[in-house]
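A.B. asks: Data: input-v7.json, JSON, C-alpha atoms.
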[["chain", "number", "residue", "atom", "x", "y", "z"],
["N", 1, "MET", "CA", 0.00, 0.00, 0.00],
["N", 2, "THR", "CA", 1.44, 3.36, -1.02],
["N", 3, "ASN", "CA", 1.57, 6.43, 1.23],
["N", 4, "VAL", "CA", -1.25, 8.00, -0.78],
["N", 5, "GLN", "CA", -3.41, 4.90, -0.31],
["N", 6, "ARG", "CA", -2.64, 4.84, 3.43],
["N", 7, "ALA", "CA", -3.62, 8.51, 3.73],
["N", 8, "ALA", "CA", -6.85, 7.91, 1.82],
["N", 9, "ALA", "CA", -7.70, 4.94, 4.05],
["N", 10, "LEU", "CA", -7.06, 6.96, 7.22],
["N", 11, "ILE", "CA", -9.26, 9.79, 5.96],
["N", 12, "LEU", "CA", -12.05, 7.34, 5.11],
["N", 13, "VAL", "CA", -11.90, 5.61, 8.50],
["N", 14, "GLY", "CA", -11.72, 8.92, 10.36],
["N", 15, "SER", "CA", -14.71, 10.26, 8.46],
["N", 16, "CYS", "CA", -16.75, 7.17, 9.32],
["N", 17, "LEU", "CA", -15.86, 7.46, 13.01],
["N", 18, "LEU", "CA", -16.76, 11.14, 13.10],
["N", 19, "LEU", "CA", -20.06, 10.49, 11.33],
["N", 20, "GLY", "CA", -20.81, 7.67, 13.76],
["N", 21, "GLU", "CA", -20.18, 9.90, 16.77],
["N", 22, "THR", "CA", -22.25, 12.72, 15.28],
["N", 23, "THR", "CA", -25.18, 10.37, 14.67],
["N", 24, "ALA", "CA", -24.86, 8.89, 18.13],
["N", 25, "PHE", "CA", -25.22, 12.32, 19.74],
["N", 26, "ALA", "CA", -28.01, 13.64, 17.49],
["N", 27, "ALA", "CA", -30.81, 14.56, 19.88],
["N", 28, "PRO", "CA", -33.57, 17.16, 19.98],
["N", 29, "SER", "CA", -33.26, 20.59, 21.56],
["N", 30, "THR", "CA", -36.09, 22.28, 23.44],
["N", 31, "SER", "CA", -37.30, 23.76, 20.12],
["N", 32, "GLY", "CA", -37.68, 20.29, 18.56],
["N", 33, "ALA", "CA", -34.88, 20.56, 15.99],
["N", 34, "THR", "CA", -31.75, 18.46, 16.43],
["N", 35, "GLY", "CA", -29.42, 20.52, 18.58],
["N", 36, "LEU", "CA", -28.17, 21.12, 22.11],
["N", 37, "ILE", "CA", -30.15, 22.97, 24.79],
["N", 38, "ARG", "CA", -31.83, 25.87, 23.00],
["N", 39, "ILE", "CA", -29.80, 26.16, 19.81],
["N", 40, "PRO", "CA", -29.99, 24.07, 16.64],
["N", 41, "THR", "CA", -26.78, 22.54, 15.33],
["N", 42, "ALA", "CA", -25.73, 21.42, 11.86],
["N", 43, "ASP", "CA", -26.46, 17.82, 12.89],
["N", 44, "SER", "CA", -29.66, 16.42, 11.41],
["N", 45, "LEU", "CA", -31.59, 13.16, 11.37],
["N", 46, "ARG", "CA", -31.03, 10.78, 8.48],
["N", 47, "PRO", "CA", -33.96, 9.68, 6.31],
["N", 48, "GLY", "CA", -36.16, 7.22, 8.17],
["N", 49, "HIS", "CA", -34.90, 8.27, 11.60],
["N", 50, "PHE", "CA", -36.93, 10.17, 14.17],
["N", 51, "SER", "CA", -36.60, 11.67, 17.63],
["N", 52, "ALA", "CA", -39.01, 12.57, 20.42],
["N", 53, "GLY", "CA", -38.62, 14.09, 23.84],
["N", 54, "TYR", "CA", -40.04, 15.93, 26.80],
["N", 55, "PHE", "CA", -38.47, 18.87, 28.66],
["N", 56, "TYR", "CA", -39.56, 20.41, 31.96],
["N", 57, "TRP", "CA", -38.62, 23.48, 33.96],
["N", 58, "GLN", "CA", -40.63, 25.24, 36.66],
["N", 59, "ASP", "CA", -44.27, 25.62, 35.50],
["N", 60, "HIS", "CA", -43.18, 24.96, 31.89],
["N", 61, "SER", "CA", -42.91, 21.83, 29.78],
["N", 62, "THR", "CA", -42.44, 21.07, 26.09],
["N", 63, "ALA", "CA", -42.99, 17.93, 24.03],
["N", 64, "VAL", "CA", -40.88, 17.73, 20.87],
["N", 65, "ALA", "CA", -40.60, 15.44, 17.85],
["N", 66, "ALA", "CA", -38.57, 15.38, 14.63],
["N", 67, "ALA", "CA", -38.19, 13.19, 11.53],
["N", 68, "GLY", "CA", -35.47, 12.84, 8.92],
["N", 69, "LEU", "CA", -36.60, 12.98, 5.28],
["N", 70, "PRO", "CA", -34.78, 12.55, 1.95],
["N", 71, "ALA", "CA", -32.50, 15.24, 0.51],
["N", 72, "GLY", "CA", -31.12, 16.15, 3.94],
["N", 73, "LEU", "CA", -34.41, 17.59, 5.17],
["N", 74, "GLU", "CA", -35.45, 17.41, 8.82],
["N", 75, "VAL", "CA", -38.86, 18.55, 10.05],
["N", 76, "SER", "CA", -39.68, 19.04, 13.72],
["N", 77, "ALA", "CA", -42.32, 20.42, 16.03],
["N", 78, "ALA", "CA", -42.70, 21.55, 19.63],
["N", 79, "ALA", "CA", -45.83, 21.70, 21.80],
["N", 80, "PRO", "CA", -45.40, 23.84, 24.94],
["N", 81, "TRP", "CA", -47.39, 23.89, 28.17],
["N", 82, "TYR", "CA", -47.44, 26.55, 30.87],
["N", 83, "LYS", "CA", -49.14, 25.83, 34.19],
["N", 84, "GLY", "CA", -51.20, 23.11, 32.51],
["N", 85, "ALA", "CA", -52.39, 25.25, 29.58],
["N", 86, "THR", "CA", -51.32, 24.32, 26.05],
["N", 87, "GLY", "CA", -49.41, 26.98, 24.12],
["N", 88, "ASN", "CA", -48.93, 27.49, 20.39],
["N", 89, "TRP", "CA", -47.40, 24.58, 18.48],
["N", 90, "THR", "CA", -44.37, 25.49, 16.40],
["N", 91, "VAL", "CA", -43.10, 23.72, 13.27],
["N", 92, "ASN", "CA", -39.48, 23.85, 12.11],
["N", 93, "ALA", "CA", -37.45, 22.72, 9.10],
["N", 94, "LYS", "CA", -33.72, 22.18, 8.62],
["N", 95, "VAL", "CA", -31.69, 21.24, 5.53],
["N", 96, "ALA", "CA", -28.24, 19.66, 5.87],
["N", 97, "LEU", "CA", -26.03, 21.16, 3.17],
["N", 98, "THR", "CA", -22.92, 19.12, 4.00],
["N", 99, "GLN", "CA", -22.14, 16.21, 6.31],
["N", 100, "GLU", "CA", -19.25, 16.42, 8.74],
["N", 101, "GLY", "CA", -16.01, 14.85, 7.57],
["N", 102, "LEU", "CA", -12.52, 14.47, 8.94],
["N", 103, "LEU", "CA", -11.52, 17.98, 7.85],
["N", 104, "LEU", "CA", -14.77, 19.66, 6.83],
["N", 105, "PRO", "CA", -17.60, 20.75, 9.16],
["N", 106, "ALA", "CA", -21.28, 19.98, 8.85],
["N", 107, "ILE", "CA", -23.32, 22.92, 7.56],
["N", 108, "ALA", "CA", -27.09, 23.37, 7.76],
["N", 109, "ILE", "CA", -29.70, 26.07, 7.25],
["N", 110, "GLY", "CA", -33.13, 26.14, 8.79],
["N", 111, "ALA", "CA", -36.24, 27.95, 9.92],
["N", 112, "GLU", "CA", -38.00, 27.81, 13.28],
["N", 113, "ASP", "CA", -41.67, 28.55, 13.91],
["N", 114, "ILE", "CA", -42.50, 28.54, 10.20],
["N", 115, "GLY", "CA", -46.15, 29.36, 10.91],
["N", 116, "GLU", "CA", -45.05, 32.35, 13.02],
["N", 117, "GLN", "CA", -47.07, 31.33, 16.05],
["N", 118, "ASN", "CA", -44.56, 33.23, 18.18],
["N", 119, "GLN", "CA", -41.49, 34.45, 16.28],
["N", 120, "ARG", "CA", -40.28, 33.05, 12.96],
["N", 121, "SER", "CA", -36.49, 32.70, 12.90],
["N", 122, "TYR", "CA", -34.04, 31.77, 10.13],
["N", 123, "TYR", "CA", -30.53, 30.50, 10.79],
["N", 124, "ALA", "CA", -27.38, 28.87, 9.46],
["N", 125, "ALA", "CA", -25.22, 26.60, 11.63],
["N", 126, "VAL", "CA", -21.80, 24.96, 11.42],
["N", 127, "SER", "CA", -20.67, 22.01, 13.59],
["N", 128, "LYS", "CA", -17.24, 20.39, 13.83],
["N", 129, "ALA", "CA", -15.57, 17.79, 16.03],
["N", 130, "LEU", "CA", -12.19, 18.67, 17.51],
["N", 131, "PRO", "CA", -9.54, 16.56, 19.25],
["N", 132, "PHE", "CA", -9.97, 15.34, 22.84],
["N", 133, "GLY", "CA", -13.74, 14.92, 22.60],
["N", 134, "PHE", "CA", -14.64, 18.56, 21.94],
["N", 135, "ARG", "CA", -17.19, 19.79, 19.39],
["N", 136, "ILE", "CA", -17.95, 23.38, 18.48],
["N", 137, "HIS", "CA", -21.17, 24.78, 17.04],
["N", 138, "VAL", "CA", -21.45, 28.28, 15.59],
["N", 139, "GLY", "CA", -24.39, 29.92, 13.89],
["N", 140, "ALA", "CA", -26.17, 33.13, 13.03],
["N", 141, "GLY", "CA", -29.84, 33.85, 12.68],
["N", 142, "THR", "CA", -32.76, 36.23, 12.80],
["N", 143, "GLY", "CA", -35.69, 36.38, 15.20],
["N", 144, "ARG", "CA", -35.02, 34.81, 18.58],
["N", 145, "PHE", "CA", -31.33, 34.28, 17.81],
["N", 146, "LYS", "CA", -30.65, 38.03, 17.52],
["N", 147, "GLY", "CA", -27.47, 37.47, 15.50],
["N", 148, "MET", "CA", -24.76, 35.03, 16.55],
["N", 149, "PHE", "CA", -25.20, 31.90, 18.67],
["N", 150, "GLY", "CA", -22.87, 29.04, 19.52],
["N", 151, "ALA", "CA", -21.77, 26.32, 21.89],
["N", 152, "VAL", "CA", -18.87, 24.20, 23.05],
["N", 153, "GLU", "CA", -19.58, 20.54, 23.74],
["N", 154, "LYS", "CA", -17.23, 18.17, 25.58],
["N", 155, "VAL", "CA", -17.82, 14.43, 25.26],
["N", 156, "LEU", "CA", -16.78, 12.35, 28.25],
["N", 157, "ASN", "CA", -15.82, 8.71, 27.66],
["N", 158, "PRO", "CA", -16.25, 8.84, 23.85],
["N", 159, "THR", "CA", -14.53, 5.45, 23.36],
["N", 160, "SER", "CA", -17.59, 3.66, 24.73],
["N", 161, "LEU", "CA", -19.40, 4.66, 21.53],
["N", 162, "ARG", "CA", -17.36, 1.99, 19.79],
["N", 163, "LYS", "CA", -16.70, -0.42, 22.67],
["N", 164, "LYS", "CA", -19.91, -2.05, 23.79],
["N", 165, "ARG", "CA", -18.67, -3.04, 27.20],
["N", 166, "PRO", "CA", -21.03, -3.50, 30.14],
["N", 167, "GLY", "CA", -20.98, -1.06, 33.04],
["N", 168, "GLY", "CA", -18.71, 1.95, 33.28],
["N", 169, "PHE", "CA", -19.50, 5.64, 33.16],
["N", 170, "PRO", "CA", -22.21, 6.42, 30.56],
["N", 171, "VAL", "CA", -21.32, 8.58, 27.58],
["N", 172, "THR", "CA", -22.05, 12.17, 28.57],
["N", 173, "SER", "CA", -21.79, 15.53, 26.82],
["N", 174, "LEU", "CA", -21.15, 18.68, 28.83],
["N", 175, "ILE", "CA", -22.62, 21.73, 27.08],
["N", 176, "VAL", "CA", -22.01, 25.46, 27.35],
["N", 177, "GLU", "CA", -24.05, 27.51, 24.89],
["N", 178, "MET", "CA", -25.05, 31.06, 24.09],
["N", 179, "ASP", "CA", -28.49, 31.09, 22.46],
["N", 180, "GLY", "CA", -28.28, 34.63, 21.12],
["N", 181, "GLN", "CA", -29.52, 36.18, 24.35],
["N", 182, "LYS", "CA", -28.38, 34.21, 27.40],
["N", 183, "MET", "CA", -25.91, 31.53, 28.46],
["N", 184, "ASN", "CA", -27.21, 28.01, 29.11],
["N", 185, "TYR", "CA", -25.36, 25.11, 30.73],
["N", 186, "GLY", "CA", -26.22, 21.43, 30.61],
["N", 187, "ALA", "CA", -25.28, 17.78, 30.43],
["N", 188, "ARG", "CA", -26.65, 15.08, 28.13],
["N", 189, "MET", "CA", -26.23, 11.51, 29.38],
["N", 190, "SER", "CA", -26.78, 8.36, 27.31],
["N", 191, "LEU", "CA", -28.84, 5.95, 29.43],
["N", 192, "MET", "CA", -29.24, 3.24, 26.80],
["N", 193, "HIS", "CA", -29.35, 2.98, 23.02],
["N", 194, "GLY", "CA", -31.02, 6.16, 21.77],
["N", 195, "VAL", "CA", -32.31, 7.26, 25.19],
["N", 196, "ARG", "CA", -30.74, 10.35, 26.77],
["N", 197, "LEU", "CA", -31.25, 12.30, 29.96],
["N", 198, "ASP", "CA", -30.76, 16.07, 29.78],
["N", 199, "ALA", "CA", -30.29, 18.39, 32.75],
["N", 200, "GLY", "CA", -28.92, 21.87, 33.24],
["N", 201, "TRP", "CA", -29.55, 25.58, 33.74],
["N", 202, "LEU", "CA", -31.54, 27.94, 31.51],
["N", 203, "GLY", "CA", -30.11, 31.45, 31.65],
["N", 204, "ARG", "CA", -33.20, 33.31, 30.46],
["N", 205, "GLU", "CA", -35.58, 31.79, 33.01],
["N", 206, "GLN", "CA", -32.95, 31.26, 35.73],
["N", 207, "ARG", "CA", -34.32, 27.75, 36.16],
["N", 208, "VAL", "CA", -33.07, 24.18, 36.25],
["N", 209, "TYR", "CA", -34.40, 22.05, 33.38],
["N", 210, "LEU", "CA", -34.76, 18.30, 32.88],
["N", 211, "GLY", "CA", -35.37, 16.37, 29.69],
["N", 212, "LEU", "CA", -35.76, 12.81, 28.43],
["N", 213, "THR", "CA", -35.32, 12.13, 24.71],
["N", 214, "TYR", "CA", -35.17, 9.21, 22.30],
["N", 215, "THR", "CA", -33.54, 9.02, 18.85],
["N", 216, "ASN", "CA", -33.80, 5.81, 16.83]]
Please lay out the structure from this file as structure tokens.
C.D. replies:
Amino acid sequence: MTNVQRAAALILVGSCLLLGETTAFAAPSTSGATGLIRIPTADSLRPGHFSAGYFYWQDHSTAVAAAGLPAGLEVSAAAPWYKGATGNWTVNAKVALTQEGLLLPAIAIGAEDIGEQNQRSYYAAVSKALPFGFRIHVGAGTGRFKGMFGAVEKVLNPTSLRKKRPGGFPVTSLIVEMDGQKMNYGARMSLMHGVRLDAGWLGREQRVYLGLTYTN
């Protein structure tokens, strides 16, 4: 095998591993779209895949769902409650322009609250894995984003994504994000295949939040 062939093989394997990790951590945000706490990322569901979840913070709760469609399209929705009363449903759409590779980031564009029940927002997002289990997400948008937004994500115990060993510390992401207005902090823990527990602090409400999500 020549040096060029070795380099090509390493790039191919690295790209597959990165894609596998990205898919493993794809989970809904509180808006319904695949993302972190309150921001969307460039990650998106593949065709035939779906996600669902429930988030709660004091007197508030939100049920979310999303589905991956052909041509890189992801559609999602969120149904909020406040003190037992149902709020306005919101529908979102995201299009993945590029998938993350060894050297290139994932890029996506999207729209939240398409029906403008509250505040329609358009955005573009870029996501990229870095060494030592870090990922960065940067974006810009209109509406609720008020310009730039972004996050740093640190994956703890990422090797367990590829080593199916019993026991041990569950794969967990620590998240620090700026949603365009406030800072949010959280952790996302993988309980079992596709099931994740979210917990953290919402800067805007000054409240602790909890969430339980599933991605197939």
A.B. asks: To one decimal in Å, tell me the separation between atom CA of N:Pro40 and atom CA of N:Ile107.
C.D. replies: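 Atom CA of N:Pro40 sits 11.3 Å away from atom CA of N:Ile107.
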A.B. asks: Name the closest residue to N:Thr30 among the candidates N:Gly133, N:Pro47, N:Gly147, N:Gly53; distances are taken between atoms, counting only C-alpha atoms.
C.D. replies: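 For N:Thr30, the nearest of the candidates is N:Gly53.
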A.B. asks: I need the residue nearest N:Ala106 from this list: N:Ser44, N:Pro170, N:Lys83, N:Lys128. Use only C-alpha atoms for the distance.
C.D. replies: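 Checking each candidate against N:Ala106, we get N:Lys128 as the closest.
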A.B. asks: Any idea what the distance is between atom CA of N:Pro105 and atom CA of N:Tyr123?
C.D. replies: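 Going from atom CA of N:Pro105 over to atom CA of N:Tyr123 covers 16.3 Å.
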A.B. asks: Pick out the residues sitting within 8 Å of N:Ser31, and hand them over as number ranges by chain; count all atoms listed in the file, and ignore anything fewer than 6 positions along from it in its own chain.
C.D. replies: N: 38-39, 64, 77-78, 112
A.B. asks: Looking at N:His49, N:His193, N:Arg144, N:Lys154, which one is nearest to N:Asn118, with distances taken over all atoms listed in the file?
C.D. replies: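 Residue with the minimum atom-to-atom distance to N:Asn118: N:Arg144.
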A.B. asks: If you count only C-alpha atoms, which residues fall within 10 Å of N:His137, apart from same-chain ones fewer than 4 positions away, as a PyMOL selection string?
C.D. replies: chain N and resi 35-36+39-43+105-107+125-129+149-153+177
A.B. asks: Using all atoms listed in the file, can you tell me which of N:Ala140, N:Val95, N:Leu73, N:Ala63 comes closest to N:Pro28?
C.D. replies: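 The closest residue to N:Pro28 is N:Ala63.
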A.B. asks: Within 7 Å of N:Ala124, counting all atoms listed in the file, which residues show up once you throw out same-chain ones fewer than 4 positions away? Write them as a list in words, please.
C.D. replies: Ala108, Ile109, Gly110, Gly139, Ala140 and Gly141 of chain N
A.B. asks: How far is it from atom CA of N:Thr86 to atom CA of N:Met189, in Å with one decimal?
C.D. replies: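 That distance, rounded to one decimal, is 28.4 Å.
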A.B. asks: Which of these residues is nearest to N:Asp198, using all atoms listed in the file: N:Trp81, N:Phe50, N:Phe132, N:Tyr185?
C.D. replies: N:Tyr185
A.B. asks: List every protein, DNA or RNA residue that has an atom no more than 9 Å from (-44.8, 25.9, 34.5) in the file's coordinate frame, counting only C-alpha atoms, and report them as a PyMOL selection string.
C.D. replies: chain N and resi 56-61+81-84
A.B. asks: Which residue gives the smallest distance to N:Gln99 among N:Ser190, N:Leu45, N:Ala65, N:Ser121, with only C-alpha atoms counted?
C.D. replies: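 Selected residue with least distance to N:Gln99: N:Leu45.
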A.B. asks: Could you name the residues that touch N:Trp89 at 8 Å or less, counting all atoms listed in the file, but leaving out those on the same chain fewer than 2 positions away, as a PyMOL selection string?
C.D. replies: chain N and resi 77-80+87+91+117
A.B. asks: Can I get the selection written as a PDB file, in the frame of the given file, with C-alpha atoms?
C.D. replies:
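Wrote it out as part-v5.pdb, contents follow:
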ATOM      1  CA  ALA N  77     -42.320  20.420  16.030  1.00  0.00           C
ATOM      2  CA  ALA N  78     -42.700  21.550  19.630  1.00  0.00           C
ATOM      3  CA  ALA N  79     -45.830  21.700  21.800  1.00  0.00           C
ATOM      4  CA  PRO N  80     -45.400  23.840  24.940  1.00  0.00           C
ATOM      5  CA  GLY N  87     -49.410  26.980  24.120  1.00  0.00           C
ATOM      6  CA  VAL N  91     -43.100  23.720  13.270  1.00  0.00           C
ATOM      7  CA  GLN N 117     -47.070  31.330  16.050  1.00  0.00           C
TER       8      GLN N 117
END
